[in-house]
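J.: This one is entry-v8.pdb, PDB, C-alpha atoms and all ligand atoms.
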```pdb
MODEL        1
ATOM      1  CA  MET A 279     -12.607   2.240  10.888
ATOM      2  CA  CYS A 280     -16.027   3.639  10.141
ATOM      3  CA  ARG A 281     -17.839   0.314   9.958
ATOM      4  CA  GLN A 282     -17.393  -0.516  13.630
ATOM      5  CA  SER A 283     -18.053   3.003  14.866
ATOM      6  CA  ALA A 284     -21.097   3.271  12.618
ATOM      7  CA  LEU A 285     -22.574  -0.089  13.517
ATOM      8  CA  GLY A 286     -21.676   0.355  17.179
ATOM      9  CA  ALA A 287     -23.330   3.757  17.283
ATOM     10  CA  ALA A 288     -26.404   2.589  15.432
ATOM     11  CA  PHE A 289     -27.127  -0.886  16.723
ATOM     12  CA  GLY A 290     -24.753  -1.522  19.642
ATOM     13  CA  PRO A 291     -25.720  -1.601  23.320
ATOM     14  CA  PRO A 292     -26.862   1.757  24.800
ATOM     15  CA  SER A 293     -23.423   2.316  26.357
ATOM     16  CA  LEU A 294     -21.947   2.509  22.840
ATOM     17  CA  ARG A 295     -24.506   4.988  21.530
ATOM     18  CA  SER A 296     -23.642   8.611  21.799
ATOM     19  CA  GLY A 297     -26.029  11.019  23.502
ATOM     20  CA  PRO A 298     -28.902  10.145  25.811
ATOM     21  CA  GLY A 299     -30.693   6.871  25.017
ATOM     22  CA  GLY A 300     -34.292   6.648  23.854
ATOM     23  CA  ALA A 301     -36.289   6.078  20.709
ATOM     24  CA  TRP A 302     -35.255   9.367  19.036
ATOM     25  CA  THR A 303     -31.526   8.629  19.407
ATOM     26  CA  ILE A 304     -32.001   5.158  17.909
ATOM     27  CA  LEU A 305     -33.991   6.637  15.006
ATOM     28  CA  LYS A 306     -31.585   9.503  14.414
ATOM     29  CA  ASN A 307     -28.229   7.782  14.905
ATOM     30  CA  PRO A 308     -28.272   5.207  12.104
ATOM     31  CA  LEU A 309     -28.554   8.033   9.588
ATOM     32  CA  ALA A 310     -25.799  10.042  11.277
ATOM     33  CA  ALA A 311     -23.606   6.929  11.402
ATOM     34  CA  VAL A 312     -24.215   6.112   7.730
ATOM     35  CA  ASP A 313     -23.442   9.756   6.870
ATOM     36  CA  GLU A 314     -20.157   9.624   8.775
ATOM     37  CA  CYS A 315     -19.240   6.333   7.133
ATOM     38  CA  LEU A 316     -19.976   7.718   3.647
ATOM     39  CA  MET A 317     -17.830  10.770   4.370
ATOM     40  CA  GLU A 318     -14.891   8.639   5.563
ATOM     41  CA  THR A 319     -15.217   6.310   2.568
ATOM     42  CA  ALA A 320     -15.419   9.179   0.050
ATOM     43  CA  PHE A 321     -12.448  10.905   1.697
ATOM     44  CA  ALA A 322     -10.394   7.685   1.541
ATOM     45  CA  GLY A 323     -11.334   7.240  -2.128
ATOM     46  CA  VAL A 324     -10.394  10.772  -3.196
ATOM     47  CA  LEU A 325      -7.159  10.745  -1.185
ATOM     48  CA  GLY A 326      -6.345   7.256  -2.509
ATOM     49  CA  ALA A 327      -6.771   8.425  -6.131
ATOM     50  CA  ILE A 328      -4.480  11.425  -5.492
ATOM     51  CA  PHE A 329      -1.887   9.111  -3.901
ATOM     52  CA  GLY A 330      -2.312   6.756  -6.882
ATOM     53  CA  SER A 331      -1.510   9.637  -9.226
ATOM     54  CA  PHE A 332       1.714  10.282  -7.278
ATOM     55  CA  LEU A 333       2.540   6.525  -7.262
ATOM     56  CA  ASN A 334       2.381   6.608 -11.101
ATOM     57  CA  VAL A 335       5.092   9.273 -10.984
ATOM     58  CA  VAL A 336       7.112   7.170  -8.492
ATOM     59  CA  ALA A 337       6.784   4.014 -10.644
ATOM     60  CA  HIS A 338       7.941   5.906 -13.746
ATOM     61  CA  ARG A 339      10.715   8.089 -12.314
ATOM     62  CA  LEU A 340      12.248   6.128  -9.402
ATOM     63  CA  PRO A 341      13.849   3.368 -11.565
ATOM     64  CA  ARG A 342      15.179   6.084 -13.920
ATOM     65  CA  ARG A 343      16.704   7.921 -10.938
ATOM     66  CA  GLU A 344      14.735  11.077 -11.828
ATOM     67  CA  SER A 345      13.471  13.571  -9.256
ATOM     68  CA  LEU A 346       9.977  12.775  -7.940
ATOM     69  CA  VAL A 347       8.975  16.455  -7.646
ATOM     70  CA  ALA A 348      10.570  18.301 -10.583
ATOM     71  CA  PRO A 349       9.894  18.824 -13.431
ATOM     72  CA  ALA A 350       6.100  18.873 -13.217
ATOM     73  CA  SER A 351       4.157  16.130 -15.051
ATOM     74  CA  HIS A 352       4.539  16.374 -18.817
ATOM     75  CA  CYS A 353       3.552  14.387 -21.909
ATOM     76  CA  VAL A 354       6.342  11.864 -22.629
ATOM     77  CA  ALA A 355       5.759  12.302 -26.405
ATOM     78  CA  CYS A 356       5.595  16.080 -26.930
ATOM     79  CA  GLY A 357       6.941  17.355 -23.600
ATOM     80  CA  THR A 358       4.020  19.734 -23.014
ATOM     81  CA  ALA A 359       3.442  20.347 -19.300
ATOM     82  CA  ILE A 360       0.145  18.824 -18.158
ATOM     83  CA  LYS A 361      -2.307  21.497 -16.962
ATOM     84  CA  PRO A 362      -3.742  20.969 -13.469
ATOM     85  CA  TYR A 363      -7.247  20.464 -14.928
ATOM     86  CA  ASP A 364      -5.877  17.701 -17.179
ATOM     87  CA  ASN A 365      -4.184  16.023 -14.204
ATOM     88  CA  ILE A 366      -7.258  15.009 -12.173
ATOM     89  CA  PRO A 367      -6.910  11.310 -11.290
ATOM     90  CA  VAL A 368      -8.997   8.941 -13.503
ATOM     91  CA  LEU A 369     -11.412  11.708 -14.644
ATOM     92  CA  SER A 370      -8.948  13.593 -16.875
ATOM     93  CA  TRP A 371      -7.913  10.392 -18.649
ATOM     94  CA  LEU A 372     -11.587   9.567 -19.322
ATOM     95  CA  LEU A 373     -12.430  13.123 -20.479
ATOM     96  CA  LEU A 374      -9.400  13.217 -22.818
ATOM     97  CA  ARG A 375     -10.257   9.662 -24.004
ATOM     98  CA  GLY A 376      -6.749   8.509 -23.109
ATOM     99  CA  ARG A 377      -4.930  11.013 -25.352
ATOM    100  CA  CYS A 378      -2.583  13.984 -24.786
ATOM    101  CA  ARG A 379      -4.499  17.286 -25.264
ATOM    102  CA  SER A 380      -1.738  18.888 -27.378
ATOM    103  CA  CYS A 381      -0.298  16.074 -29.528
ATOM    104  CA  GLY A 382      -2.993  13.367 -29.332
ATOM    105  CA  THR A 383      -0.530  10.597 -28.383
ATOM    106  CA  ARG A 384      -2.179   7.709 -26.515
ATOM    107  CA  ILE A 385      -1.724   7.756 -22.739
ATOM    108  CA  SER A 386      -1.480   4.232 -21.265
ATOM    109  CA  ALA A 387      -4.613   2.965 -19.465
ATOM    110  CA  ARG A 388      -2.274   1.865 -16.706
ATOM    111  CA  TYR A 389      -2.244   5.411 -15.252
ATOM    112  CA  PRO A 390      -5.996   5.611 -14.485
ATOM    113  CA  LEU A 391      -5.979   1.918 -13.468
ATOM    114  CA  VAL A 392      -3.244   2.534 -10.851
ATOM    115  CA  GLU A 393      -5.182   5.603  -9.601
ATOM    116  CA  ALA A 394      -8.505   3.763  -9.392
ATOM    117  CA  GLY A 395      -6.857   0.655  -7.908
ATOM    118  CA  THR A 396      -5.075   2.658  -5.194
ATOM    119  CA  ALA A 397      -8.350   4.473  -4.399
ATOM    120  CA  ALA A 398     -10.251   1.163  -4.155
ATOM    121  CA  LEU A 399      -7.593  -0.378  -1.901
ATOM    122  CA  CYS A 400      -7.580   2.663   0.428
ATOM    123  CA  VAL A 401     -11.396   2.503   0.686
ATOM    124  CA  ALA A 402     -11.207  -1.243   1.392
ATOM    125  CA  VAL A 403      -8.649  -0.696   4.199
ATOM    126  CA  VAL A 404     -10.818   2.032   5.777
ATOM    127  CA  LEU A 405     -13.886  -0.233   5.639
ATOM    128  CA  ALA A 406     -12.089  -3.376   6.845
ATOM    129  CA  LYS A 407      -9.828  -2.124   9.636
ATOM    130  CA  SER A 408     -11.330  -1.055  12.946
ATOM    131  CA  SER A 409      -8.162  -0.293  14.948
ATOM    132  CA  GLY A 410      -5.805   2.644  14.505
ATOM    133  CA  VAL A 411      -2.793   0.342  14.071
ATOM    134  CA  GLY A 412      -4.617  -1.829  11.507
ATOM    135  CA  LEU A 413      -5.638   1.239   9.537
ATOM    136  CA  ALA A 414      -2.174   2.867   9.590
ATOM    137  CA  LEU A 415      -0.235  -0.313   8.732
ATOM    138  CA  GLY A 416      -2.777  -1.303   6.050
ATOM    139  CA  LEU A 417      -2.753   2.066   4.263
ATOM    140  CA  ALA A 418       1.055   2.371   4.419
ATOM    141  CA  MET A 419       1.527  -1.161   3.044
ATOM    142  CA  VAL A 420      -0.910  -0.548   0.148
ATOM    143  CA  LEU A 421       0.904   2.667  -0.830
ATOM    144  CA  LEU A 422       4.278   0.844  -0.829
ATOM    145  CA  LEU A 423       3.128  -2.334  -2.625
ATOM    146  CA  VAL A 424       1.556  -0.532  -5.623
ATOM    147  CA  PRO A 425       4.815   1.090  -6.887
ATOM    148  CA  ALA A 426       6.926  -1.955  -5.856
ATOM    149  CA  ALA A 427       4.766  -4.271  -8.011
ATOM    150  CA  ALA A 428       4.571  -1.811 -10.942
ATOM    151  CA  ILE A 429       8.361  -1.247 -11.015
ATOM    152  CA  ASP A 430       9.102  -4.989 -10.723
ATOM    153  CA  LEU A 431       6.747  -5.679 -13.670
ATOM    154  CA  ASP A 432       8.505  -3.083 -15.850
ATOM    155  CA  HIS A 433      12.130  -3.341 -14.756
ATOM    156  CA  LYS A 434      12.339  -6.766 -13.034
ATOM    157  CA  ARG A 435      13.758  -5.265  -9.881
ATOM    158  CA  ILE A 436      12.385  -3.795  -6.654
ATOM    159  CA  PRO A 437      14.212  -0.604  -5.597
ATOM    160  CA  ASN A 438      15.708  -0.413  -2.095
ATOM    161  CA  ALA A 439      14.256   3.117  -2.055
ATOM    162  CA  ILE A 440      10.848   1.464  -1.520
ATOM    163  CA  THR A 441      11.570  -1.607   0.631
ATOM    164  CA  LEU A 442      14.097  -0.147   3.099
ATOM    165  CA  PRO A 443      12.038   2.936   4.110
ATOM    166  CA  GLY A 444       9.024   0.579   3.995
ATOM    167  CA  CYS A 445      10.581  -1.688   6.658
ATOM    168  CA  LEU A 446      11.390   1.354   8.794
ATOM    169  CA  ILE A 447       7.843   2.786   8.436
ATOM    170  CA  ALA A 448       6.322  -0.579   9.457
ATOM    171  CA  ILE A 449       8.515  -0.808  12.580
ATOM    172  CA  VAL A 450       7.967   2.835  13.638
ATOM    173  CA  LEU A 451       4.161   2.716  13.122
ATOM    174  CA  GLY A 452       3.948  -0.703  14.812
ATOM    175  CA  PHE A 453       5.919   0.419  17.878
ATOM    176  CA  ALA A 454       4.083   3.761  18.152
ATOM    177  CA  LEU A 455       0.534   2.384  17.806
ATOM    178  CA  ASP A 456       0.768  -1.181  19.149
ATOM    179  CA  ALA A 457       4.040  -1.833  21.007
ATOM    180  CA  SER A 458       2.848  -5.153  22.489
ATOM    181  CA  GLY A 459       2.170  -6.582  19.020
ATOM    182  CA  GLU A 460       5.531  -5.481  17.610
ATOM    183  CA  PRO A 461       7.649  -8.518  18.654
ATOM    184  CA  ALA A 462       5.324 -10.788  16.617
ATOM    185  CA  ARG A 463       5.601  -8.520  13.558
ATOM    186  CA  LEU A 464       9.418  -8.321  13.900
ATOM    187  CA  LEU A 465       9.548 -12.113  14.103
ATOM    188  CA  ALA A 466       7.309 -12.429  11.017
ATOM    189  CA  GLY A 467       9.521 -10.003   9.068
ATOM    190  CA  LEU A 468      12.732 -11.819  10.038
ATOM    191  CA  GLY A 469      11.144 -15.232   9.355
ATOM    192  CA  ALA A 470       9.824 -14.285   5.905
ATOM    193  CA  GLY A 471      13.053 -12.493   4.940
ATOM    194  CA  GLY A 472      15.182 -15.398   6.266
ATOM    195  CA  ALA A 473      13.165 -17.989   4.316
ATOM    196  CA  PHE A 474      13.444 -15.992   1.072
ATOM    197  CA  LEU A 475      17.178 -15.400   1.654
ATOM    198  CA  LEU A 476      17.677 -19.161   2.022
ATOM    199  CA  VAL A 477      15.783 -19.848  -1.232
ATOM    200  CA  THR A 478      17.758 -17.112  -3.032
ATOM    201  CA  LEU A 479      21.095 -18.550  -1.860
ATOM    202  CA  ILE A 480      20.135 -22.127  -2.849
ATOM    203  CA  SER A 481      18.576 -21.169  -6.198
ATOM    204  CA  PRO A 482      19.751 -17.691  -7.257
ATOM    205  CA  ARG A 483      17.895 -17.960 -10.589
ATOM    206  CA  GLY A 484      14.386 -17.866  -9.176
ATOM    207  CA  MET A 485      14.419 -14.890  -6.831
ATOM    208  CA  GLY A 486      16.545 -11.871  -6.075
ATOM    209  CA  MET A 487      17.493  -9.777  -3.065
ATOM    210  CA  GLY A 488      14.636  -7.407  -3.951
ATOM    211  CA  ASP A 489      12.168 -10.221  -3.197
ATOM    212  CA  VAL A 490      13.971 -10.956   0.102
ATOM    213  CA  LYS A 491      13.571  -7.318   1.219
ATOM    214  CA  LEU A 492       9.962  -7.111  -0.009
ATOM    215  CA  ALA A 493       9.050 -10.305   1.905
ATOM    216  CA  THR A 494      10.713  -8.860   5.051
ATOM    217  CA  MET A 495       8.715  -5.633   4.647
ATOM    218  CA  ILE A 496       5.431  -7.529   4.186
ATOM    219  CA  GLY A 497       6.143  -9.602   7.324
ATOM    220  CA  LEU A 498       6.792  -6.422   9.331
ATOM    221  CA  PHE A 499       3.409  -5.059   8.198
ATOM    222  CA  LEU A 500       1.282  -8.219   8.402
ATOM    223  CA  GLY A 501       2.750 -10.201  11.316
ATOM    224  CA  ALA A 502       1.639 -13.858  11.272
ATOM    225  CA  ALA A 503      -0.606 -13.214   8.240
ATOM    226  CA  VAL A 504       2.622 -13.131   6.181
ATOM    227  CA  ILE A 505       2.313 -16.960   6.083
ATOM    228  CA  PRO A 506      -0.868 -17.030   3.918
ATOM    229  CA  ALA A 507       0.550 -14.062   1.951
ATOM    230  CA  VAL A 508       3.646 -16.075   0.939
ATOM    231  CA  MET A 509       1.551 -19.219   0.279
ATOM    232  CA  ILE A 510      -0.766 -17.286  -2.079
ATOM    233  CA  ALA A 511       2.250 -15.643  -3.763
ATOM    234  CA  LEU A 512       3.966 -19.009  -4.366
ATOM    235  CA  LEU A 513       0.744 -20.663  -5.575
ATOM    236  CA  SER A 514      -0.159 -17.868  -8.020
ATOM    237  CA  GLY A 515       3.486 -17.602  -9.155
ATOM    238  CA  VAL A 516       3.631 -21.348  -9.897
ATOM    239  CA  LEU A 517       0.273 -21.175 -11.764
ATOM    240  CA  VAL A 518       1.368 -18.245 -13.947
ATOM    241  CA  GLY A 519       4.861 -19.740 -14.453
ATOM    242  CA  GLY A 520       3.217 -23.022 -15.491
ATOM    243  CA  ALA A 521       0.924 -21.185 -17.911
ATOM    244  CA  VAL A 522       3.949 -19.418 -19.479
ATOM    245  CA  ILE A 523       5.777 -22.759 -19.892
ATOM    246  CA  ALA A 524       2.612 -24.356 -21.357
ATOM    247  CA  ARG A 525       2.422 -21.562 -23.940
ATOM    248  CA  VAL A 526       6.041 -21.167 -25.025
ATOM    249  CA  GLY A 527       7.580 -24.526 -24.041
ATOM    250  CA  VAL A 528       9.919 -25.531 -21.186
ATOM    251  CA  SER A 529      13.242 -24.151 -22.462
ATOM    252  CA  ALA A 530      11.840 -20.775 -23.594
ATOM    253  CA  GLY A 531       9.637 -20.603 -20.467
ATOM    254  CA  ARG A 532      12.677 -21.036 -18.199
ATOM    255  CA  LYS A 533      14.314 -18.074 -19.934
ATOM    256  CA  THR A 534      11.187 -15.873 -19.581
ATOM    257  CA  ALA A 535      11.823 -14.252 -16.233
ATOM    258  CA  VAL A 536       8.499 -13.663 -14.505
ATOM    259  CA  PRO A 537       9.113 -11.139 -11.701
ATOM    260  CA  PHE A 538       7.941 -12.425  -8.316
ATOM    261  CA  GLY A 539       7.230  -9.029  -6.695
ATOM    262  CA  PRO A 540       3.701  -8.624  -8.141
ATOM    263  CA  PHE A 541       2.760 -12.084  -6.777
ATOM    264  CA  LEU A 542       4.116 -11.153  -3.334
ATOM    265  CA  ALA A 543       2.092  -7.922  -3.496
ATOM    266  CA  LEU A 544      -1.044  -9.854  -4.502
ATOM    267  CA  GLY A 545      -0.551 -12.352  -1.656
ATOM    268  CA  ALA A 546       0.050  -9.524   0.834
ATOM    269  CA  LEU A 547      -3.133  -7.688  -0.237
ATOM    270  CA  ILE A 548      -5.298 -10.830   0.044
ATOM    271  CA  ALA A 549      -3.726 -11.602   3.443
ATOM    272  CA  LEU A 550      -4.287  -7.999   4.575
ATOM    273  CA  PHE A 551      -8.046  -8.471   4.222
ATOM    274  CA  ALA A 552      -8.487 -12.222   4.687
ATOM    275  CA  GLY A 553      -5.255 -13.454   6.343
ATOM    276  CA  HIS A 554      -6.746 -14.295   9.717
ATOM    277  CA  PRO A 555      -9.851 -16.092   8.341
ATOM    278  CA  ILE A 556      -7.530 -18.069   6.011
ATOM    279  CA  MET A 557      -5.259 -19.067   8.927
ATOM    280  CA  HIS A 558      -8.311 -20.006  11.024
ATOM    281  CA  TRP A 559      -9.752 -22.078   8.170
ATOM    282  CA  TYR A 560      -6.393 -23.789   7.646
ATOM    283  CA  SER A 561      -5.905 -24.639  11.322
ATOM    284  CA  THR A 562      -9.455 -25.993  11.769
ATOM    285  CA  SER A 563     -10.176 -27.702   8.415
ATOM    286  CA  VAL A 564      -6.814 -28.769   7.010
ATOM    287  CA  VAL A 565      -4.615 -29.510  10.030
ATOM    288  CA  HIS A 566      -7.218 -31.381  12.097
TER
HETATM  289 ZN    ZN A 601       1.703  15.225 -25.989
ENDMDL
END
```
Is it possible to give me this structure as structure tokens?
T.:
Amino acid sequence: MCRQSALGAAFGPPSLRSGPGGAWTILKNPLAAVDECLMETAFAGVLGAIFGSFLNVVAHRLPRRESLVAPASHCVACGTAIKPYDNIPVLSWLLLRGRCRSCGTRISARYPLVEAGTAALCVAVVLAKSSGVGLALGLAMVLLLVPAAAIDLDHKRIPNAITLPGCLIAIVLGFALDASGEPARLLAGLGAGGAFLLVTLISPRGMGMGDVKLATMIGLFLGAAVIPAVMIALLSGVLVGGAVIARVGVSAGRKTAVPFGPFLALGALIALFAGHPIMHWYSTSVVH
């Protein structure tokens, strides 16, 4: 959101600049705008890392049907409760060199990576989206996709506890912030979900109902950009599946179930930032 306001305030026509016009305003405002942008970006990064820390808890506890709030975070090896100063996203892991303070057991690098990744994605959404609806839908989708992909990687399933509230959040935010655009997003959700349901019914081996619900959720968030999202997901899934088969052979490769959720999440994230340019490129360069 800050990019447009910052650039508009700094370099836009006088009607966009705040305060009375004149040389001083033009000299002073770029700095103020850059300051505001830095603040928004830093805020998004810090908040994103804190959310990422919580998403680690969700990804670990949700599939095990454990409470998300109690007990407080503890070392899985020795059970010692993690002190607040050892629970700072990314930093604590680096300071402790990836080990528990009391027993020295290695702590997976995935925890700081999820925190840093969530922070980076939140910053990217804040920088890329200029409208309130784009910002809200983008941030909500990022925070739902991260645990969905992590859980699917570990457990080869995507919990309804993520996709069903996710669909509801997309519809409520979409209606509240941009009612006129909602029919297109509903159509995209139904279309993507319907297509995946068809594939699942024809070939139950490849995909599951979790993928059907995740595709529906992504359509409700992205609208028409769900098309490049699914294309990228299928393409990257086929490439990785092919690489697995090339390494272990056809019969063993067929038995190695590669979960499709992470590919759907990857496609959705690329489409979130580049979906419309991709669709424009496709319609002008490939179709014509
Ligand atoms: Zn420990």
J.: Given the file shown, determine the residues that the PyMOL selection byres (((chain A and resi 400-417) around 10) and not hetatm) selects; report them as a ChimeraX atom specification.
T.: /A:279-283,315,318-327,329-330,394-399,418-422,447-449,451-457,459,498-500,547,550-552
J.: For a quick check of understanding, using only C-alpha atoms and all ligand atoms, which of A:Asn307, A:Thr358, A:Thr478, A:Thr562 has the smallest distance to ligand ZN 601 (chain A)?
T.: A:Thr358
J.: Taking into account all atoms listed in the file, which residue in the set A:Val518, A:Ala337, A:Leu513, A:Leu476 is nearest to Tyr389 of chain A?
T.: A:Ala337
J.: Provide the atom CA of Gly520 of chain A to atom CA of Gly472 of chain A distance in Å, to one decimal place.
T.: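 Computing the Euclidean distance for atom CA of Gly520 of chain A and atom CA of Gly472 of chain A yields 26.0 Å.
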J.: Would you write out, as a ChimeraX atom specification, every residue that the PyMOL selection byres (((chain A and resi 341) around 9) and not hetatm) captures in this file?
T.: /A:336-340,342-344,429,433,435-437
J.: Considering only C-alpha atoms and all ligand atoms, state which residue in the set A:Ala521, A:Cys356, A:Leu542, A:Leu492 is at the smallest distance from ligand ZN 601 (chain A).
T.: A:Cys356
J.: Please give me, as a CSV table (one decimal) with C-alpha atoms, in the coordinates of the input, the residues lying within 7 Å of ligand ZN 601 (chain A) when counting all atoms listed in the file.
T.:
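Result saved to result_23.csv:
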```
chain,number,residue,atom,x,y,z
A,353,CYS,CA,3.6,14.4,-21.9
A,354,VAL,CA,6.3,11.9,-22.6
A,355,ALA,CA,5.8,12.3,-26.4
A,356,CYS,CA,5.6,16.1,-26.9
A,357,GLY,CA,6.9,17.4,-23.6
A,358,THR,CA,4.0,19.7,-23.0
A,378,CYS,CA,-2.6,14.0,-24.8
A,379,ARG,CA,-4.5,17.3,-25.3
A,380,SER,CA,-1.7,18.9,-27.4
A,381,CYS,CA,-0.3,16.1,-29.5
A,382,GLY,CA,-3.0,13.4,-29.3
A,383,THR,CA,-0.5,10.6,-28.4
```
J.: How many Å separate atom CA of Leu468 of chain A from atom CA of Ser563 of chain A?
T.: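 Computing the Euclidean distance for atom CA of Leu468 of chain A and atom CA of Ser563 of chain A yields 27.9 Å.
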J.: Just the number, please: distance in Å from atom CA of Pro537 of chain A to atom CA of Lys434 of chain A, one decimal.
T.: 5.6 Å
J.: Give me the residues within 9 Å of Ile510 of chain A as a CSV table (one decimal) with C-alpha atoms, keeping the file's coordinate frame, counting all atoms listed in the file and dropping any in the same chain fewer than 5 places off.
T.:
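around-v7.csv was written with the following content:
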```csv
chain,number,residue,atom,x,y,z
A,505,ILE,CA,2.3,-17.0,6.1
A,515,GLY,CA,3.5,-17.6,-9.2
A,541,PHE,CA,2.8,-12.1,-6.8
A,542,LEU,CA,4.1,-11.2,-3.3
A,544,LEU,CA,-1.0,-9.9,-4.5
A,545,GLY,CA,-0.6,-12.4,-1.7
A,546,ALA,CA,0.0,-9.5,0.8
A,548,ILE,CA,-5.3,-10.8,0.0
A,549,ALA,CA,-3.7,-11.6,3.4
```
J.: Could you write out as lines of an AutoDock Vina configuration file the box around segment 349-355 of chain A (axis-aligned, all atoms listed in the file, 8 Å on each side), with centre and edge lengths in Å to one decimal?
T.:
```
center_x = 6.7
center_y = 15.4
center_z = -19.8
size_x = 22.3
size_y = 23.0
size_z = 29.2
```
J.: Can you spell out as a PyMOL selection string the set of residues that the PyMOL selection byres (((chain A and resi 428) around 9) and not hetatm) selects in the structure I just provided?
T.: chain A and resi 334+337-338+392+423-427+429-433+539-540
J.: Given only C-alpha atoms as the basis, pick out the residue of A:Arg483, A:His558, A:Arg388, A:Arg463 nearest to Met495 of chain A.
T.: A:Arg463
J.: I need the residue nearest Leu465 of chain A from this list: A:Val526, A:Val504, A:Leu479, A:Leu517. Use all atoms listed in the file for the distance.
T.: A:Val504
J.: Counting only C-alpha atoms, find the residues whose atoms lie at most 10 Å from (19.9, -12.0, -1.2) (file coordinates) and write them out as a PyMOL selection string.
T.: chain A and resi 471-472+474-479+482+485-491
J.: With C-alpha atoms retained, write the just-selected residues as a short mmCIF file (atom, residue, chain, number, x, y, z; two decimals), in the frame of the given file.
T.:
```cif
data_model
loop_
_atom_site.label_atom_id
_atom_site.label_comp_id
_atom_site.auth_asym_id
_atom_site.auth_seq_id
_atom_site.Cartn_x
_atom_site.Cartn_y
_atom_site.Cartn_z
CA GLY A 471 13.05 -12.49 4.94
CA GLY A 472 15.18 -15.40 6.27
CA PHE A 474 13.44 -15.99 1.07
CA LEU A 475 17.18 -15.40 1.65
CA LEU A 476 17.68 -19.16 2.02
CA VAL A 477 15.78 -19.85 -1.23
CA THR A 478 17.76 -17.11 -3.03
CA LEU A 479 21.10 -18.55 -1.86
CA PRO A 482 19.75 -17.69 -7.26
CA MET A 485 14.42 -14.89 -6.83
CA GLY A 486 16.55 -11.87 -6.08
CA MET A 487 17.49 -9.78 -3.06
CA GLY A 488 14.64 -7.41 -3.95
CA ASP A 489 12.17 -10.22 -3.20
CA VAL A 490 13.97 -10.96 0.10
CA LYS A 491 13.57 -7.32 1.22
#
```
J.: Can you rebuild segment 494-510 of chain A with N, CA and C atoms and give it as a tab-separated table (two decimals), in the coordinates of the input?
T.:
```
chain	number	residue	atom	x	y	z
A	494	THR	N	10.45	-9.36	3.69
A	494	THR	CA	10.71	-8.86	5.05
A	494	THR	C	9.74	-7.72	5.38
A	495	MET	N	9.59	-6.79	4.43
A	495	MET	CA	8.72	-5.63	4.65
A	495	MET	C	7.27	-6.10	4.88
A	496	ILE	N	6.81	-7.04	4.06
A	496	ILE	CA	5.43	-7.53	4.19
A	496	ILE	C	5.23	-8.20	5.55
A	497	GLY	N	6.23	-8.97	6.00
A	497	GLY	CA	6.14	-9.60	7.32
A	497	GLY	C	6.04	-8.57	8.43
A	498	LEU	N	6.82	-7.47	8.31
A	498	LEU	CA	6.79	-6.42	9.33
A	498	LEU	C	5.43	-5.73	9.36
A	499	PHE	N	4.74	-5.67	8.23
A	499	PHE	CA	3.41	-5.06	8.20
A	499	PHE	C	2.33	-6.03	8.65
A	500	LEU	N	2.41	-7.29	8.21
A	500	LEU	CA	1.28	-8.22	8.40
A	500	LEU	C	1.39	-9.07	9.66
A	501	GLY	N	2.60	-9.25	10.22
A	501	GLY	CA	2.75	-10.20	11.32
A	501	GLY	C	2.51	-11.61	10.80
A	502	ALA	N	1.82	-12.44	11.62
A	502	ALA	CA	1.64	-13.86	11.27
A	502	ALA	C	0.93	-14.05	9.94
A	503	ALA	N	0.12	-13.07	9.51
A	503	ALA	CA	-0.61	-13.21	8.24
A	503	ALA	C	0.33	-13.21	7.04
A	504	VAL	N	1.66	-13.03	7.29
A	504	VAL	CA	2.62	-13.13	6.18
A	504	VAL	C	2.66	-14.58	5.65
A	505	ILE	N	2.28	-15.54	6.51
A	505	ILE	CA	2.31	-16.96	6.08
A	505	ILE	C	1.33	-17.20	4.93
A	506	PRO	N	0.01	-16.88	5.09
A	506	PRO	CA	-0.87	-17.03	3.92
A	506	PRO	C	-0.47	-16.13	2.76
A	507	ALA	N	0.12	-14.95	3.04
A	507	ALA	CA	0.55	-14.06	1.95
A	507	ALA	C	1.57	-14.76	1.07
A	508	VAL	N	2.59	-15.40	1.70
A	508	VAL	CA	3.65	-16.08	0.94
A	508	VAL	C	3.08	-17.30	0.22
A	509	MET	N	2.17	-18.03	0.91
A	509	MET	CA	1.55	-19.22	0.28
A	509	MET	C	0.81	-18.82	-1.00
A	510	ILE	N	0.01	-17.74	-0.92
A	510	ILE	CA	-0.77	-17.29	-2.08
A	510	ILE	C	0.19	-16.82	-3.18
```
